[in-house]
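Report on the following structure.
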Amino acid sequence: MNITIRKATVDDVKTIAMLFNKYRIFYKQIPENFIYERISNNESVIFLMEENNIAVGFTQLYPIYSSVGMKRAWLLNDLYVEETARGKGFADALLQAAQAFGAETNSRWLMLQTAVDNYSAQKVYERNGWKREQNFYTYNYQL
């Protein structure tokens, strides 16, 4: 088994878009063509995971900033592993790649959100050292 995780480029857009649309369907959203603009405009960083040269997962991070910490931080907004590839530790590996990237970019912290009923993902995050926020509330304002 040959596993690779690498930073995606514009050449990977079609491959990532297929995975991204499956991710959106998981969250009951319609498929969209969104990835190209994020990569081509350097608006996000995407790590693509391949098993034997076949795309099996990705994670996407967006830069944000900490005014208090006066450093960049990253929002890990998307993480997806193909259903047939789950249970092999691929999500763990993608999280570890994101964590290493955060350290390499001298960032303050990484943040992610997940659905309150996505228990399998919560287990993966906690197993990898992520802590559920206890000190702050998250508020959303719909536009």
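Residues are referred to by chain and number: the chain letter is A, B, ... according to the order shown in the structure tokens, the number counts from 1 in that chain, and ligands are numbered separately from 1 in the order shown.
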
Applying 9 Å and only C-alpha atoms, which residues near Val56 (chain A) remain after dropping the ones on its own chain fewer than 2 positions away? List them as a list in words.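 Once the nearby chain positions are removed, what remains is Leu19, Leu48, Met49, Glu50, Glu51, Ile54, Phe58, Tyr80, Val81, Glu82, Glu83, Thr84, Ala85 and Phe90 of chain A.
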
Give me a file of those residues, with N, CA and C atoms, as a short mmCIF file (atom, residue, chain, number, x, y, z; two decimals), in the first residue's frame.
```
data_model
loop_
_atom_site.label_atom_id
_atom_site.label_comp_id
_atom_site.auth_asym_id
_atom_site.auth_seq_id
_atom_site.Cartn_x
_atom_site.Cartn_y
_atom_site.Cartn_z
N LEU A 19 -14.08 14.68 -4.70
CA LEU A 19 -14.13 14.39 -3.26
C LEU A 19 -14.92 15.47 -2.52
N LEU A 48 -4.07 16.70 -0.25
CA LEU A 48 -4.70 15.59 -0.96
C LEU A 48 -4.03 14.29 -0.53
N MET A 49 -4.83 13.30 -0.17
CA MET A 49 -4.30 11.99 0.20
C MET A 49 -4.62 11.01 -0.92
N GLU A 50 -3.60 10.24 -1.29
CA GLU A 50 -3.77 9.22 -2.32
C GLU A 50 -3.28 7.88 -1.80
N GLU A 51 -3.99 6.85 -2.19
CA GLU A 51 -3.59 5.48 -1.91
C GLU A 51 -3.38 4.81 -3.25
N ILE A 54 -4.57 6.82 -6.16
CA ILE A 54 -6.01 7.09 -6.26
C ILE A 54 -6.39 8.00 -5.10
N PHE A 58 -9.09 14.35 1.55
CA PHE A 58 -8.48 15.68 1.53
C PHE A 58 -8.84 16.42 2.81
N TYR A 80 -12.35 15.07 4.51
CA TYR A 80 -13.18 14.01 3.95
C TYR A 80 -12.30 12.84 3.55
N VAL A 81 -12.77 11.63 3.87
CA VAL A 81 -12.15 10.38 3.44
C VAL A 81 -13.24 9.54 2.78
N GLU A 82 -12.92 8.99 1.61
CA GLU A 82 -13.87 8.13 0.90
C GLU A 82 -14.39 7.04 1.84
N GLU A 83 -15.66 6.70 1.71
CA GLU A 83 -16.26 5.67 2.57
C GLU A 83 -15.49 4.36 2.51
N THR A 84 -15.04 3.97 1.33
CA THR A 84 -14.33 2.70 1.17
C THR A 84 -12.94 2.72 1.80
N ALA A 85 -12.44 3.92 2.13
CA ALA A 85 -11.09 4.05 2.70
C ALA A 85 -11.12 4.35 4.20
N PHE A 90 -6.65 7.13 7.77
CA PHE A 90 -6.39 8.20 6.82
C PHE A 90 -6.79 9.56 7.37
#
```

How would you write, as JSON, numbers by chain, the set of residues in chain A that DSSP gives as helix (DSSP H, G or I)? {"A": [10, 11, 12, 13, 14, 15, 16, 17, 18, 19, 20, 21, 22, 23, 24, 25, 26, 35, 36, 37, 38, 39, 40, 83, 84, 85, 90, 91, 92, 93, 94, 95, 96, 97, 98, 99, 100, 101, 102, 103, 104, 119, 120, 121, 122, 123, 124, 125, 126, 127]}

Surrounding residues of region 25-36 of chain A excluding itself and chain neighbours under 2 positions, 9 Å, only C-alpha atoms, as a ChimeraX atom specification: /A:10,13-14,16-17,20-23,38-41,115

Output for the residues just chosen: N, CA, C and O atoms as a compact mmCIF listing (two decimals), in the first residue's frame:
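The file below, part_12.txt, is the result:
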```
# COMPACT_ATOMS: atom_id res chain seq x y z
N VAL A 10 -3.27 23.53 -8.64
CA VAL A 10 -4.35 23.74 -9.60
C VAL A 10 -4.55 22.49 -10.45
O VAL A 10 -5.67 22.19 -10.85
N VAL A 13 -7.36 20.06 -9.22
CA VAL A 13 -8.72 20.59 -8.99
C VAL A 13 -9.80 19.57 -9.32
O VAL A 13 -10.72 19.36 -8.52
N LYS A 14 -9.74 18.91 -10.46
CA LYS A 14 -10.80 17.96 -10.83
C LYS A 14 -10.89 16.82 -9.83
O LYS A 14 -11.98 16.41 -9.44
N ILE A 16 -9.89 16.79 -6.63
CA ILE A 16 -10.39 17.28 -5.33
C ILE A 16 -11.87 17.64 -5.43
O ILE A 16 -12.63 17.40 -4.50
N ALA A 17 -12.28 18.20 -6.55
CA ALA A 17 -13.69 18.58 -6.72
C ALA A 17 -14.61 17.38 -6.57
O ALA A 17 -15.70 17.48 -5.99
N PHE A 20 -14.70 16.72 -2.90
CA PHE A 20 -15.37 17.85 -2.25
C PHE A 20 -16.89 17.74 -2.40
O PHE A 20 -17.63 17.99 -1.46
N ASN A 21 -17.34 17.35 -3.58
CA ASN A 21 -18.79 17.21 -3.78
C ASN A 21 -19.36 16.07 -2.94
O ASN A 21 -20.47 16.20 -2.40
N LYS A 22 -18.63 15.00 -2.75
CA LYS A 22 -19.09 13.92 -1.86
C LYS A 22 -19.16 14.43 -0.42
O LYS A 22 -20.08 14.09 0.32
N TYR A 23 -18.19 15.23 -0.04
CA TYR A 23 -18.18 15.85 1.29
C TYR A 23 -19.42 16.72 1.48
O TYR A 23 -20.10 16.66 2.49
N ARG A 38 -10.52 28.64 -4.86
CA ARG A 38 -9.75 28.62 -3.61
C ARG A 38 -8.28 28.38 -3.88
O ARG A 38 -7.42 29.06 -3.34
N ILE A 39 -7.99 27.41 -4.74
CA ILE A 39 -6.59 27.08 -5.03
C ILE A 39 -5.95 28.14 -5.91
O ILE A 39 -4.85 28.62 -5.62
N SER A 40 -6.61 28.51 -7.00
CA SER A 40 -5.98 29.45 -7.94
C SER A 40 -5.78 30.83 -7.34
O SER A 40 -4.85 31.54 -7.72
N ASN A 41 -6.60 31.22 -6.39
CA ASN A 41 -6.45 32.53 -5.73
C ASN A 41 -5.67 32.44 -4.42
O ASN A 41 -5.63 33.42 -3.67
N ALA A 115 -20.35 18.82 12.92
CA ALA A 115 -21.74 18.69 13.35
C ALA A 115 -21.80 18.03 14.73
O ALA A 115 -20.99 17.15 15.04
```

Spatial neighbours of Ala91 (chain A), 9 Å, only C-alpha atoms, chain gap at least 5 places, as a PyMOL selection string: chain A and resi 57-59+79-81+86+96+121+124-125

How would the residues just chosen look if you wrote them out with N, CA and C atoms as an mmCIF file, in the first residue's frame?
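File produced: part-v5.cif:
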```cif
data_model
loop_
_atom_site.group_PDB
_atom_site.id
_atom_site.type_symbol
_atom_site.label_atom_id
_atom_site.label_comp_id
_atom_site.auth_asym_id
_atom_site.auth_seq_id
_atom_site.Cartn_x
_atom_site.Cartn_y
_atom_site.Cartn_z
ATOM 1 N N GLY A 57 -8.893 11.086 -0.027
ATOM 2 C CA GLY A 57 -9.301 12.051 0.980
ATOM 3 C C GLY A 57 -8.590 13.381 0.810
ATOM 4 N N PHE A 58 -9.090 14.354 1.549
ATOM 5 C CA PHE A 58 -8.477 15.682 1.531
ATOM 6 C C PHE A 58 -8.844 16.420 2.812
ATOM 7 N N THR A 59 -8.086 17.462 3.081
ATOM 8 C CA THR A 59 -8.455 18.422 4.110
ATOM 9 C C THR A 59 -8.128 19.805 3.577
ATOM 10 N N LEU A 79 -12.690 18.136 5.949
ATOM 11 C CA LEU A 79 -11.896 16.912 5.993
ATOM 12 C C LEU A 79 -12.812 15.805 5.514
ATOM 13 N N TYR A 80 -12.353 15.073 4.513
ATOM 14 C CA TYR A 80 -13.182 14.015 3.947
ATOM 15 C C TYR A 80 -12.297 12.838 3.551
ATOM 16 N N VAL A 81 -12.771 11.629 3.869
ATOM 17 C CA VAL A 81 -12.145 10.384 3.436
ATOM 18 C C VAL A 81 -13.235 9.542 2.782
ATOM 19 N N ARG A 86 -12.301 4.423 4.770
ATOM 20 C CA ARG A 86 -12.394 4.761 6.198
ATOM 21 C C ARG A 86 -11.954 3.590 7.068
ATOM 22 N N GLN A 96 -2.800 15.033 11.047
ATOM 23 C CA GLN A 96 -1.384 15.195 11.382
ATOM 24 C C GLN A 96 -0.671 16.063 10.346
ATOM 25 N N ALA A 121 -16.407 11.460 13.667
ATOM 26 C CA ALA A 121 -15.378 12.484 13.445
ATOM 27 C C ALA A 121 -14.875 13.035 14.778
ATOM 28 N N VAL A 124 -12.250 10.871 16.190
ATOM 29 C CA VAL A 124 -10.982 11.012 15.474
ATOM 30 C C VAL A 124 -10.256 12.275 15.945
ATOM 31 N N TYR A 125 -10.976 13.391 16.042
ATOM 32 C CA TYR A 125 -10.349 14.642 16.453
ATOM 33 C C TYR A 125 -9.770 14.522 17.861
#
```

Can you pull out every residue within 10 Å of Glu133 (chain A), counting only C-alpha atoms, but drop anything in the same chain fewer than 4 positions away, and send it as a PyMOL selection string? chain A and resi 111+113+137-138

Long-range neighbours of region 65-68 of chain A as a list in words, 9 Å cut-off, only C-alpha atoms, 2 positions minimum in chain: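 After dropping sequence-adjacent residues, the list is Pro63, Met70, Lys71, Arg72, Ala73, Trp74, Ser107, Arg108 and Trp109 of chain A.
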
As number ranges by chain, list the residues of chain A assigned to strand (DSSP E) by DSSP on the backbone atoms of this structure. A: 3-7, 45-51, 54-66, 71-81, 110-112

For the residues selected in the previous step, produce a file with C-alpha atoms as a short mmCIF file (atom, residue, chain, number, x, y, z; two decimals), in the first residue's frame.
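Output contents, as saved in selection31.cif:
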```cif
data_model
loop_
_atom_site.label_atom_id
_atom_site.label_comp_id
_atom_site.auth_asym_id
_atom_site.auth_seq_id
_atom_site.Cartn_x
_atom_site.Cartn_y
_atom_site.Cartn_z
CA ILE A 3 0.05 6.31 0.79
CA THR A 4 0.93 9.93 0.00
CA ILE A 5 -0.26 13.25 1.36
CA ARG A 6 0.72 16.35 -0.52
CA LYS A 7 -0.24 19.97 -0.89
CA VAL A 45 -4.41 25.18 1.45
CA ILE A 46 -5.60 21.70 0.52
CA PHE A 47 -3.84 18.47 1.35
CA LEU A 48 -4.70 15.59 -0.96
CA MET A 49 -4.30 11.99 0.20
CA GLU A 50 -3.77 9.22 -2.32
CA GLU A 51 -3.59 5.48 -1.91
CA ILE A 54 -6.01 7.09 -6.26
CA ALA A 55 -7.45 10.07 -4.37
CA VAL A 56 -9.05 8.89 -1.12
CA GLY A 57 -9.30 12.05 0.98
CA PHE A 58 -8.48 15.68 1.53
CA THR A 59 -8.46 18.42 4.11
CA GLN A 60 -8.81 22.15 3.42
CA LEU A 61 -7.49 24.92 5.64
CA TYR A 62 -8.27 28.63 5.48
CA PRO A 63 -6.00 31.28 6.99
CA ILE A 64 -7.38 33.37 9.84
CA TYR A 65 -5.58 35.57 12.34
CA SER A 66 -5.40 35.88 16.10
CA LYS A 71 -0.19 35.34 14.65
CA ARG A 72 -1.80 33.53 11.81
CA ALA A 73 -4.09 30.61 12.64
CA TRP A 74 -5.85 28.08 10.41
CA LEU A 75 -9.47 27.02 10.13
CA LEU A 76 -9.58 23.35 9.17
CA ASN A 77 -12.90 23.70 7.42
CA ASP A 78 -13.13 20.45 5.46
CA LEU A 79 -11.90 16.91 5.99
CA TYR A 80 -13.18 14.01 3.95
CA VAL A 81 -12.15 10.38 3.44
CA LEU A 110 -5.74 25.31 14.34
CA MET A 111 -9.51 25.32 14.71
CA LEU A 112 -12.25 23.12 13.30
#
```

Can you work out the spacing between CA of Asn52 (chain A) and CA of Ala93 (chain A) in Å, to one decimal?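 Between CA of Asn52 (chain A) and CA of Ala93 (chain A) the gap works out to 15.5 Å.
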
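Between CA of Gly89 (chain A) and CA of Asn53 (chain A) the separation is 17.2 Å.
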